[in-house]
file query20.cif (mmCIF, C-alpha atoms and all ligand atoms)
data_work
#
loop_
_atom_site.group_PDB
_atom_site.id
_atom_site.type_symbol
_atom_site.label_atom_id
_atom_site.label_comp_id
_atom_site.auth_asym_id
_atom_site.auth_seq_id
_atom_site.Cartn_x
_atom_site.Cartn_y
_atom_site.Cartn_z
ATOM 1 C CA MET A 1 19.361 6.190 -9.785
ATOM 2 C CA VAL A 2 17.242 7.070 -12.756
ATOM 3 C CA ARG A 3 19.646 5.290 -15.054
ATOM 4 C CA SER A 4 19.576 2.221 -12.843
ATOM 5 C CA LEU A 5 15.816 2.004 -13.046
ATOM 6 C CA ALA A 6 15.831 2.486 -16.811
ATOM 7 C CA ARG A 7 18.325 -0.324 -17.239
ATOM 8 C CA CYS A 8 16.363 -2.535 -14.934
ATOM 9 C CA VAL A 9 13.150 -1.878 -16.813
ATOM 10 C CA THR A 10 14.537 -2.210 -20.313
ATOM 11 C CA GLN A 11 16.056 -5.545 -19.452
ATOM 12 C CA GLY A 12 12.541 -6.571 -18.519
ATOM 13 C CA ALA A 13 12.255 -10.303 -18.421
ATOM 14 C CA GLY A 14 16.016 -10.471 -18.048
ATOM 15 C CA VAL A 15 15.651 -9.406 -14.450
ATOM 16 C CA VAL A 16 14.848 -12.690 -12.835
ATOM 17 C CA LEU A 17 16.018 -12.596 -9.275
ATOM 18 C CA ILE A 18 13.715 -14.908 -7.462
ATOM 19 C CA ALA A 19 13.843 -13.912 -3.831
ATOM 20 C CA ALA A 20 11.347 -16.590 -2.969
ATOM 21 C CA CYS A 21 12.223 -20.223 -2.843
ATOM 22 C CA LEU A 22 9.768 -21.586 -5.350
ATOM 23 C CA SER A 23 9.982 -25.086 -3.983
ATOM 24 C CA CYS A 24 8.732 -23.648 -0.687
ATOM 25 C CA VAL A 25 5.699 -22.012 -2.280
ATOM 26 C CA PRO A 26 2.506 -24.017 -2.096
ATOM 27 C CA GLN A 27 1.290 -24.796 -5.585
ATOM 28 C CA VAL A 28 -2.099 -23.238 -5.097
ATOM 29 C CA PHE A 29 -3.747 -21.682 -8.122
ATOM 30 C CA ALA A 30 -5.948 -18.656 -8.262
ATOM 31 C CA ALA A 31 -9.307 -20.276 -8.677
ATOM 32 C CA VAL A 32 -11.026 -20.645 -5.345
ATOM 33 C CA GLU A 33 -14.099 -22.664 -4.612
ATOM 34 C CA PRO A 34 -17.241 -20.742 -3.676
ATOM 35 C CA ILE A 35 -18.652 -21.272 -0.215
ATOM 36 C CA THR A 36 -22.004 -22.807 -1.024
ATOM 37 C CA PRO A 37 -25.032 -23.624 1.179
ATOM 38 C CA ASN A 38 -23.785 -27.234 1.109
ATOM 39 C CA ALA A 39 -20.590 -26.329 2.982
ATOM 40 C CA THR A 40 -19.856 -27.999 6.289
ATOM 41 C CA ILE A 41 -18.484 -25.932 9.162
ATOM 42 C CA GLU A 42 -15.047 -27.397 8.524
ATOM 43 C CA GLN A 43 -15.273 -26.429 4.855
ATOM 44 C CA MET A 44 -16.329 -22.886 5.787
ATOM 45 C CA GLN A 45 -13.353 -22.505 8.088
ATOM 46 C CA ARG A 46 -10.916 -24.002 5.613
ATOM 47 C CA ALA A 47 -12.185 -21.742 2.827
ATOM 48 C CA ALA A 48 -11.298 -18.651 4.875
ATOM 49 C CA ALA A 49 -8.032 -19.869 6.385
ATOM 50 C CA ASN A 50 -5.475 -18.729 3.791
ATOM 51 C CA VAL A 51 -5.047 -15.279 5.354
ATOM 52 C CA ARG A 52 -6.712 -14.266 8.618
ATOM 53 C CA ALA A 53 -6.229 -11.637 11.292
ATOM 54 C CA GLY A 54 -4.104 -12.779 14.196
ATOM 55 C CA ARG A 55 -3.338 -10.906 17.384
ATOM 56 C CA THR A 56 -3.524 -7.147 17.591
ATOM 57 C CA LEU A 57 -0.218 -5.308 17.801
ATOM 58 C CA THR A 58 -1.247 -1.880 19.078
ATOM 59 C CA PRO A 59 1.380 -0.939 21.671
ATOM 60 C CA LYS A 60 0.545 0.444 25.120
ATOM 61 C CA THR A 61 1.853 3.774 23.942
ATOM 62 C CA TRP A 62 3.246 5.184 20.710
ATOM 63 C CA PRO A 63 6.683 6.869 20.540
ATOM 64 C CA GLY A 64 7.035 9.982 22.659
ATOM 65 C CA GLY A 65 3.865 9.162 24.551
ATOM 66 C CA ALA A 66 1.730 9.773 21.457
ATOM 67 C CA ARG A 67 -1.835 8.497 21.582
ATOM 68 C CA VAL A 68 -2.244 7.790 17.882
ATOM 69 C CA ALA A 69 -0.061 6.870 14.911
ATOM 70 C CA VAL A 70 -0.833 8.564 11.589
ATOM 71 C CA CYS A 71 0.352 7.048 8.312
ATOM 72 C CA ILE A 72 -0.003 8.981 5.076
ATOM 73 C CA SER A 73 0.291 6.709 2.041
ATOM 74 C CA VAL A 74 0.256 7.414 -1.678
ATOM 75 C CA ASP A 75 -0.197 4.801 -4.409
ATOM 76 C CA ILE A 76 1.451 6.044 -7.605
ATOM 77 C CA ASP A 77 -0.799 4.090 -9.968
ATOM 78 C CA ASN A 78 -0.843 6.771 -12.718
ATOM 79 C CA GLU A 79 -0.890 5.232 -16.218
ATOM 80 C CA SER A 80 -1.113 1.682 -14.836
ATOM 81 C CA THR A 81 -4.784 2.346 -14.110
ATOM 82 C CA TRP A 82 -5.457 2.066 -17.851
ATOM 83 C CA ARG A 83 -2.865 -0.562 -18.808
ATOM 84 C CA ASP A 84 -5.525 -2.948 -20.159
ATOM 85 C CA ASN A 85 -6.432 -0.457 -22.866
ATOM 86 C CA PRO A 86 -3.563 2.018 -23.019
ATOM 87 C CA LEU A 87 -4.946 4.645 -25.353
ATOM 88 C CA PRO A 88 -3.471 8.157 -25.366
ATOM 89 C CA VAL A 89 -6.156 10.182 -23.605
ATOM 90 C CA LYS A 90 -6.598 7.761 -20.723
ATOM 91 C CA LEU A 91 -2.839 7.478 -20.297
ATOM 92 C CA SER A 92 -2.689 11.251 -20.061
ATOM 93 C CA GLU A 93 -5.173 11.098 -17.186
ATOM 94 C CA GLY A 94 -2.647 8.904 -15.376
ATOM 95 C CA GLU A 95 0.333 10.959 -16.465
ATOM 96 C CA TYR A 96 -1.229 13.844 -14.576
ATOM 97 C CA GLY A 97 -0.217 12.018 -11.400
ATOM 98 C CA ALA A 98 3.474 12.337 -12.243
ATOM 99 C CA LEU A 99 3.379 15.843 -13.693
ATOM 100 C CA GLU A 100 0.980 17.648 -11.356
ATOM 101 C CA GLY A 101 -0.313 15.336 -8.638
ATOM 102 C CA LEU A 102 2.896 14.034 -7.088
ATOM 103 C CA PRO A 103 4.651 17.440 -7.003
ATOM 104 C CA ARG A 104 1.596 18.932 -5.271
ATOM 105 C CA ILE A 105 1.437 16.103 -2.726
ATOM 106 C CA LEU A 106 5.179 16.277 -2.037
ATOM 107 C CA SER A 107 5.112 20.037 -1.505
ATOM 108 C CA THR A 108 2.113 19.724 0.819
ATOM 109 C CA LEU A 109 3.918 17.073 2.864
ATOM 110 C CA ASP A 110 6.989 19.359 2.917
ATOM 111 C CA GLU A 111 4.818 22.207 4.182
ATOM 112 C CA PHE A 112 3.831 20.167 7.237
ATOM 113 C CA HIS A 113 7.089 18.220 7.408
ATOM 114 C CA VAL A 114 5.187 14.936 7.442
ATOM 115 C CA PRO A 115 6.633 11.574 6.338
ATOM 116 C CA ALA A 116 4.733 9.337 3.942
ATOM 117 C CA SER A 117 4.902 5.918 2.299
ATOM 118 C CA PHE A 118 4.755 5.716 -1.505
ATOM 119 C CA TYR A 119 3.791 2.446 -3.209
ATOM 120 C CA VAL A 120 5.023 2.476 -6.791
ATOM 121 C CA PRO A 121 4.239 0.046 -9.635
ATOM 122 C CA VAL A 122 7.373 -0.355 -11.760
ATOM 123 C CA LEU A 123 5.308 0.674 -14.796
ATOM 124 C CA SER A 124 4.724 4.114 -13.251
ATOM 125 C CA ALA A 125 8.400 4.518 -12.386
ATOM 126 C CA ALA A 126 9.463 3.386 -15.859
ATOM 127 C CA LEU A 127 7.358 6.095 -17.512
ATOM 128 C CA HIS A 128 8.513 8.792 -15.070
ATOM 129 C CA PRO A 129 11.885 7.766 -13.620
ATOM 130 C CA GLN A 130 12.352 11.081 -11.837
ATOM 131 C CA MET A 131 9.489 10.415 -9.406
ATOM 132 C CA ILE A 132 11.325 8.073 -7.049
ATOM 133 C CA PRO A 133 14.416 10.305 -6.727
ATOM 134 C CA ASP A 134 12.093 13.263 -6.085
ATOM 135 C CA ILE A 135 10.453 11.326 -3.257
ATOM 136 C CA VAL A 136 13.670 9.892 -1.822
ATOM 137 C CA LYS A 137 15.569 13.186 -1.751
ATOM 138 C CA ARG A 138 13.149 14.496 0.907
ATOM 139 C CA GLY A 139 14.871 12.114 3.293
ATOM 140 C CA ARG A 140 11.823 11.132 5.319
ATOM 141 C CA HIS A 141 9.638 9.083 2.963
ATOM 142 C CA GLU A 142 9.486 5.383 2.198
ATOM 143 C CA ILE A 143 9.172 3.544 -1.140
ATOM 144 C CA GLY A 144 7.170 0.310 -1.169
ATOM 145 C CA VAL A 145 6.204 -2.353 -3.701
ATOM 146 C CA HIS A 146 2.967 -2.037 -5.670
ATOM 147 C CA GLY A 147 3.400 -4.569 -8.466
ATOM 148 C CA TRP A 148 5.260 -4.750 -11.756
ATOM 149 C CA VAL A 149 2.487 -3.234 -13.890
ATOM 150 C CA HIS A 150 -0.122 -3.052 -11.095
ATOM 151 C CA GLU A 151 -1.147 -6.634 -11.907
ATOM 152 C CA GLU A 152 -3.834 -8.254 -9.778
ATOM 153 C CA ALA A 153 -2.378 -11.323 -8.110
ATOM 154 C CA SER A 154 -5.553 -13.404 -8.191
ATOM 155 C CA LYS A 155 -5.649 -13.152 -11.996
ATOM 156 C CA ILE A 156 -2.099 -14.414 -12.533
ATOM 157 C CA ASP A 157 -2.985 -18.023 -11.767
ATOM 158 C CA ASP A 158 0.658 -19.085 -11.690
ATOM 159 C CA PRO A 159 2.734 -18.958 -8.475
ATOM 160 C CA GLU A 160 6.043 -18.980 -10.322
ATOM 161 C CA LYS A 161 5.006 -16.047 -12.471
ATOM 162 C CA GLU A 162 3.699 -14.180 -9.435
ATOM 163 C CA ALA A 163 7.016 -14.795 -7.658
ATOM 164 C CA ARG A 164 8.982 -13.585 -10.679
ATOM 165 C CA LEU A 165 6.961 -10.368 -10.983
ATOM 166 C CA LEU A 166 7.389 -9.690 -7.281
ATOM 167 C CA SER A 167 11.117 -10.281 -7.492
ATOM 168 C CA GLN A 168 11.476 -8.009 -10.534
ATOM 169 C CA ALA A 169 9.574 -5.236 -8.755
ATOM 170 C CA VAL A 170 11.740 -5.504 -5.639
ATOM 171 C CA GLU A 171 14.892 -5.435 -7.732
ATOM 172 C CA CYS A 172 13.889 -2.368 -9.741
ATOM 173 C CA LEU A 173 12.649 -0.373 -6.765
ATOM 174 C CA THR A 174 15.801 -1.239 -4.834
ATOM 175 C CA LYS A 175 17.914 0.200 -7.645
ATOM 176 C CA ALA A 176 15.757 3.283 -8.045
ATOM 177 C CA ALA A 177 15.370 4.103 -4.347
ATOM 178 C CA GLY A 178 18.812 3.057 -3.191
ATOM 179 C CA GLN A 179 17.461 0.629 -0.636
ATOM 180 C CA ARG A 180 15.334 -2.472 -0.619
ATOM 181 C CA PRO A 181 11.592 -1.873 -0.073
ATOM 182 C CA ARG A 182 10.432 -3.199 3.283
ATOM 183 C CA GLY A 183 6.696 -3.039 2.685
ATOM 184 C CA ILE A 184 4.247 -4.211 0.068
ATOM 185 C CA ARG A 185 0.789 -3.033 -0.888
ATOM 186 C CA ALA A 186 -0.806 -5.521 -3.262
ATOM 187 C CA PRO A 187 -2.077 -3.824 -6.452
ATOM 188 C CA SER A 188 -5.836 -3.317 -6.175
ATOM 189 C CA TRP A 189 -5.447 -4.787 -2.674
ATOM 190 C CA ASP A 190 -5.742 -8.179 -4.308
ATOM 191 C CA PHE A 191 -4.152 -11.411 -3.066
ATOM 192 C CA SER A 192 -4.011 -14.801 -4.692
ATOM 193 C CA LEU A 193 -3.829 -17.828 -2.430
ATOM 194 C CA ASN A 194 -0.057 -17.736 -3.007
ATOM 195 C CA THR A 195 0.578 -14.081 -2.220
ATOM 196 C CA LEU A 196 1.083 -14.305 1.518
ATOM 197 C CA SER A 197 3.593 -17.134 1.151
ATOM 198 C CA LEU A 198 5.478 -15.197 -1.497
ATOM 199 C CA ILE A 199 5.782 -11.980 0.480
ATOM 200 C CA ARG A 200 6.925 -13.919 3.533
ATOM 201 C CA GLN A 201 9.556 -15.690 1.465
ATOM 202 C CA ALA A 202 10.684 -12.372 0.017
ATOM 203 C CA GLY A 203 11.370 -11.096 3.531
ATOM 204 C CA PHE A 204 9.073 -8.077 3.731
ATOM 205 C CA ALA A 205 8.734 -6.428 7.139
ATOM 206 C CA TYR A 206 5.053 -5.719 6.635
ATOM 207 C CA ASP A 207 2.061 -5.925 4.331
ATOM 208 C CA THR A 208 -0.547 -3.206 3.856
ATOM 209 C CA SER A 209 -3.357 -4.750 1.818
ATOM 210 C CA MET A 210 -5.820 -6.149 4.368
ATOM 211 C CA MET A 211 -8.850 -4.700 6.105
ATOM 212 C CA ALA A 212 -9.696 -6.909 9.090
ATOM 213 C CA MET A 213 -9.007 -4.290 11.779
ATOM 214 C CA ASP A 214 -8.408 -0.586 12.319
ATOM 215 C CA GLN A 215 -5.187 -1.285 14.233
ATOM 216 C CA PRO A 216 -1.970 -3.105 13.344
ATOM 217 C CA TYR A 217 -2.104 -6.864 13.665
ATOM 218 C CA GLU A 218 -0.243 -10.039 12.867
ATOM 219 C CA LEU A 219 -1.311 -12.095 9.871
ATOM 220 C CA ASN A 220 -2.205 -15.722 10.439
ATOM 221 C CA SER A 221 -2.267 -18.390 7.773
ATOM 222 C CA ASN A 222 -4.040 -21.715 8.090
ATOM 223 C CA GLY A 223 -4.396 -21.228 11.818
ATOM 224 C CA ALA A 224 -0.777 -20.329 12.548
ATOM 225 C CA PRO A 225 0.885 -16.938 13.183
ATOM 226 C CA THR A 226 3.130 -15.839 10.322
ATOM 227 C CA GLY A 227 5.232 -13.188 12.066
ATOM 228 C CA LEU A 228 4.231 -10.720 9.358
ATOM 229 C CA VAL A 229 2.902 -7.336 10.489
ATOM 230 C CA GLU A 230 -0.217 -6.020 8.785
ATOM 231 C CA ILE A 231 -0.760 -2.251 8.623
ATOM 232 C CA PRO A 232 -4.388 -2.324 7.493
ATOM 233 C CA ILE A 233 -6.070 -0.054 5.000
ATOM 234 C CA ASN A 234 -9.723 0.647 4.289
ATOM 235 C CA TRP A 235 -11.849 1.847 1.387
ATOM 236 C CA ILE A 236 -13.284 4.541 3.670
ATOM 237 C CA THR A 237 -9.977 6.380 3.862
ATOM 238 C CA ASP A 238 -9.078 5.845 0.184
ATOM 239 C CA ASP A 239 -9.530 8.798 -2.170
ATOM 240 C CA TYR A 240 -10.165 6.644 -5.235
ATOM 241 C CA GLU A 241 -13.610 5.477 -4.275
ATOM 242 C CA TYR A 242 -14.902 8.995 -3.783
ATOM 243 C CA TYR A 243 -13.426 10.840 -6.721
ATOM 244 C CA GLU A 244 -12.895 8.506 -9.635
ATOM 245 C CA PRO A 245 -15.349 7.747 -12.470
ATOM 246 C CA GLU A 246 -16.230 4.446 -10.826
ATOM 247 C CA ALA A 247 -17.796 6.448 -8.016
ATOM 248 C CA SER A 248 -20.438 7.550 -10.548
ATOM 249 C CA GLY A 249 -20.462 11.031 -9.084
ATOM 250 C CA SER A 250 -22.101 9.748 -5.924
ATOM 251 C CA LEU A 251 -19.803 11.673 -3.622
ATOM 252 C CA PRO A 252 -17.709 14.152 -5.572
ATOM 253 C CA SER A 253 -17.474 16.827 -2.913
ATOM 254 C CA PRO A 254 -14.006 17.279 -1.386
ATOM 255 C CA GLU A 255 -15.724 18.859 1.609
ATOM 256 C CA ALA A 256 -17.722 15.674 2.257
ATOM 257 C CA VAL A 257 -14.597 13.538 1.829
ATOM 258 C CA TYR A 258 -12.762 15.710 4.336
ATOM 259 C CA LYS A 259 -15.495 15.127 6.911
ATOM 260 C CA ILE A 260 -15.131 11.362 6.537
ATOM 261 C CA TYR A 261 -11.342 11.462 6.870
ATOM 262 C CA GLN A 262 -11.629 13.723 9.898
ATOM 263 C CA ALA A 263 -14.133 11.409 11.607
ATOM 264 C CA GLU A 264 -11.896 8.389 10.964
ATOM 265 C CA PHE A 265 -8.912 10.237 12.470
ATOM 266 C CA ASP A 266 -10.991 11.353 15.468
ATOM 267 C CA GLY A 267 -11.988 7.730 16.074
ATOM 268 C CA ALA A 268 -8.388 6.569 15.902
ATOM 269 C CA TYR A 269 -7.356 9.360 18.264
ATOM 270 C CA GLN A 270 -10.076 8.360 20.707
ATOM 271 C CA GLU A 271 -9.140 4.677 20.513
ATOM 272 C CA ARG A 272 -5.385 5.404 20.695
ATOM 273 C CA THR A 273 -4.662 3.249 17.684
ATOM 274 C CA LEU A 274 -3.864 3.996 14.048
ATOM 275 C CA PHE A 275 -5.065 6.170 11.159
ATOM 276 C CA VAL A 276 -3.956 5.241 7.626
ATOM 277 C CA LEU A 277 -4.836 7.502 4.692
ATOM 278 C CA THR A 278 -4.524 6.157 1.135
ATOM 279 C CA MET A 279 -4.268 8.573 -1.762
ATOM 280 C CA HIS A 280 -3.398 8.303 -5.445
ATOM 281 C CA ALA A 281 -1.249 10.971 -7.064
ATOM 282 C CA HIS A 282 -3.511 11.301 -10.111
ATOM 283 C CA VAL A 283 -6.613 11.520 -7.895
ATOM 284 C CA THR A 284 -5.889 13.650 -4.802
ATOM 285 C CA GLY A 285 -3.273 15.615 -6.746
ATOM 286 C CA HIS A 286 -5.949 17.776 -8.391
ATOM 287 C CA ARG A 287 -6.315 21.370 -7.214
ATOM 288 C CA SER A 288 -9.746 21.078 -5.613
ATOM 289 C CA ARG A 289 -8.670 17.952 -3.707
ATOM 290 C CA ILE A 290 -5.180 18.780 -2.493
ATOM 291 C CA VAL A 291 -6.847 21.291 -0.177
ATOM 292 C CA VAL A 292 -8.425 18.324 1.635
ATOM 293 C CA LEU A 293 -4.978 16.889 2.363
ATOM 294 C CA ARG A 294 -3.688 20.274 3.497
ATOM 295 C CA ARG A 295 -6.703 20.827 5.741
ATOM 296 C CA LEU A 296 -6.506 17.326 7.204
ATOM 297 C CA LEU A 297 -2.786 17.650 7.969
ATOM 298 C CA ALA A 298 -3.400 21.011 9.631
ATOM 299 C CA TYR A 299 -6.184 19.492 11.739
ATOM 300 C CA MET A 300 -4.121 16.490 12.809
ATOM 301 C CA LYS A 301 -1.096 18.680 13.503
ATOM 302 C CA SER A 302 -3.246 20.852 15.779
ATOM 303 C CA LYS A 303 -3.888 17.875 18.089
ATOM 304 C CA PRO A 304 -1.407 16.973 20.818
ATOM 305 C CA LYS A 305 0.345 13.604 20.885
ATOM 306 C CA VAL A 306 0.050 12.542 17.270
ATOM 307 C CA TRP A 307 2.908 10.468 15.842
ATOM 308 C CA PHE A 308 3.336 10.900 12.073
ATOM 309 C CA ALA A 309 5.299 7.976 10.676
ATOM 310 C CA THR A 310 5.827 5.856 7.602
ATOM 311 C CA LEU A 311 4.139 2.474 7.601
ATOM 312 C CA GLY A 312 7.584 0.921 7.871
ATOM 313 C CA GLN A 313 8.303 2.870 11.048
ATOM 314 C CA VAL A 314 4.977 1.794 12.528
ATOM 315 C CA ALA A 315 5.644 -1.830 11.582
ATOM 316 C CA ASP A 316 9.067 -1.702 13.234
ATOM 317 C CA TYR A 317 7.666 -0.119 16.368
ATOM 318 C CA VAL A 318 4.783 -2.521 16.876
ATOM 319 C CA LYS A 319 7.049 -5.447 16.161
ATOM 320 C CA HIS A 320 9.178 -4.454 19.139
ATOM 321 C CA GLN A 321 6.646 -2.782 21.414
ATOM 322 C CA GLY A 322 3.314 -4.315 20.548
ATOM 323 C CA GLY A 323 4.044 -7.718 21.786
ATOM 324 C CA ALA A 324 5.157 -8.710 18.509
ATOM 325 C CA PRO A 325 5.802 -11.646 16.331
HETATM 326 ZN ZN ZN B 1 -2.878 0.800 -6.879
#
call {"tool": "encode", "arguments": {"input": "query20.cif", "output": "structure tokens"}}
result
Amino acid sequence: MVRSLARCVTQGAGVVLIAACLSCVPQVFAAVEPITPNATIEQMQRAAANVRAGRTLTPKTWPGGARVAVCISVDIDNESTWRDNPLPVKLSEGEYGALEGLPRILSTLDEFHVPASFYVPVLSAALHPQMIPDIVKRGRHEIGVHGWVHEEASKIDDPEKEARLLSQAVECLTKAAGQRPRGIRAPSWDFSLNTLSLIRQAGFAYDTSMMAMDQPYELNSNGAPTGLVEIPINWITDDYEYYEPEASGSLPSPEAVYKIYQAEFDGAYQERTLFVLTMHAHVTGHRSRIVVLRRLLAYMKSKPKVWFATLGQVADYVKHQGGAP
């Protein structure tokens, strides 16, 4: 599997397997018009219509009578975080995710026997091909798409190029993981106006890039249901904002971060919906922070009727039980 990924990556631009039908993709470019004080109501509504929240998909009950679904997710951004200026020291900060962070996260998940979803830019997998096999061999985790080099879709400004990058990423992850990824998390949680069309055309079971609700929902586009399940994320339950340099040291305490995660889980438990945690291997994987994951898993495991699942399993379940698209 490692060799397959290496071949896929070294062929680079040679891997052009366009899963999307480009003629079906609206030729909409990245630049969007601002919503100005001169906008009419119709213009306001049209400006927001590309991707909107549709109906909620929370089922009456989760599997086994559980009252909440818990999804642990890990974005393996690693070196891709510094791809714009890939100098040695910064790259080493990302490399930490492969060498220390991911092994620590995987062993913690093993300790609690919890499944997780890993979203992997091909760049990260190319630099550390052993990561995906290490994840897959656990037998309970999921690999999802997270870009070719963690590119931001809204900056590509070319639907054909965006489609090609998506197709390349799907192809490489399929070879590395042994099965086609069923979910996508847009790098930097960034969509262009073409992204939703492209991921629908590519046949994904779900997206996990949006923030309109705390519970699973169907994505609408231009007023119509798309049939695509959204497993929403949120900055509040994302480690990056609290720990990374961009946080300017405003909230560096793992103890404080734990309290926020715990309160978000408690709310989901109370509401009988969904809790999604987003981590990054090179961020949570540090020694003082992995204890937060361990403590949170122990807390959630101590509660009755909690269903731990991959995002793909949740998407499948709500699609069939939640009144689904
Ligand atoms: Zn990312």
call {"tool": "atom_distance", "arguments": {"input": "query20.cif", "atom1": "atom CA of A:Leu57", "atom2": "atom CA of A:Tyr217"}}
result
4.8 Å
call {"tool": "closest_residue", "arguments": {"input": "query20.cif", "among": "A:Arg164, A:Arg200, A:His286, A:Arg67", "to": "A:Leu99", "atoms": "only C-alpha atoms"}}
result
A:His286
call {"tool": "residues_near_ligand", "arguments": {"input": "query20.cif", "ligand": "ligand ZN 1 (chain B)", "cutoff": "10 Å", "atoms": "all atoms listed in the file", "output": "VMD selection string"}}
result
chain A and resid 74 to 78 80 to 81 119 to 121 146 to 147 149 to 152 185 to 190 240 278 to 280
call {"tool": "resolve_selection", "arguments": {"input": "query20.cif", "expression": "the PyMOL selection byres (((chain A and resi 139) around 12) and not hetatm)", "output": "CSV table (one decimal) with C-alpha atoms, keeping the file's coordinate frame"}}
result
chain,number,residue,atom,x,y,z
A,106,LEU,CA,5.2,16.3,-2.0
A,110,ASP,CA,7.0,19.4,2.9
A,113,HIS,CA,7.1,18.2,7.4
A,114,VAL,CA,5.2,14.9,7.4
A,115,PRO,CA,6.6,11.6,6.3
A,116,ALA,CA,4.7,9.3,3.9
A,117,SER,CA,4.9,5.9,2.3
A,132,ILE,CA,11.3,8.1,-7.0
A,133,PRO,CA,14.4,10.3,-6.7
A,134,ASP,CA,12.1,13.3,-6.1
A,135,ILE,CA,10.5,11.3,-3.3
A,136,VAL,CA,13.7,9.9,-1.8
A,137,LYS,CA,15.6,13.2,-1.8
A,138,ARG,CA,13.1,14.5,0.9
A,140,ARG,CA,11.8,11.1,5.3
A,141,HIS,CA,9.6,9.1,3.0
A,142,GLU,CA,9.5,5.4,2.2
A,143,ILE,CA,9.2,3.5,-1.1
A,177,ALA,CA,15.4,4.1,-4.3
A,178,GLY,CA,18.8,3.1,-3.2
A,310,THR,CA,5.8,5.9,7.6
call {"tool": "resolve_selection", "arguments": {"input": "query20.cif", "expression": "the PyMOL selection byres (((chain A and resi 293) around 9) and not hetatm)", "output": "JSON, numbers by chain"}}
result
{"A": [105, 108, 109, 258, 284, 289, 290, 291, 292, 294, 295, 296, 297, 298]}
call {"tool": "residues_around", "arguments": {"input": "query20.cif", "residues": "A:Ala66", "least_positions_apart": "5", "cutoff": "7 Å", "atoms": "all atoms listed in the file", "output": "PDB file with C-alpha atoms, keeping the file's coordinate frame"}}
result
ATOM      1  CA  THR A  61       1.853   3.774  23.942  1.00  0.00           C
ATOM      2  CA  LYS A 305       0.345  13.604  20.885  1.00  0.00           C
ATOM      3  CA  VAL A 306       0.050  12.542  17.270  1.00  0.00           C
ATOM      4  CA  TRP A 307       2.908  10.468  15.842  1.00  0.00           C
TER       5      TRP A 307
END
call {"tool": "residues_near_point", "arguments": {"input": "query20.cif", "point": "(-5.7, -13.4, -4.5)", "cutoff": "6 Å", "atoms": "only C-alpha atoms", "output": "list of chain:residue names"}}
result
A:Ala153, A:Ser154, A:Asp190, A:Phe191, A:Ser192, A:Leu193
call {"tool": "residues_around", "arguments": {"input": "query20.cif", "residues": "A:Asp316", "least_positions_apart": "2", "cutoff": "12 Å", "atoms": "all atoms listed in the file", "output": "list in words"}}
result
Leu57, Thr58, Pro59, Trp62, Pro63, Arg182, Gly183, Phe204, Ala205, Tyr206, Pro216, Leu228, Val229, Glu230, Ile231, Ala309, Thr310, Leu311, Gly312, Gln313, Val314, Val318, Lys319, His320, Gln321, Gly322, Gly323, Ala324 and Pro325 of chain A
call {"tool": "atom_distance", "arguments": {"input": "query20.cif", "atom1": "atom CA of A:Leu173", "atom2": "atom CA of A:Phe275"}}
result
26.0 Å
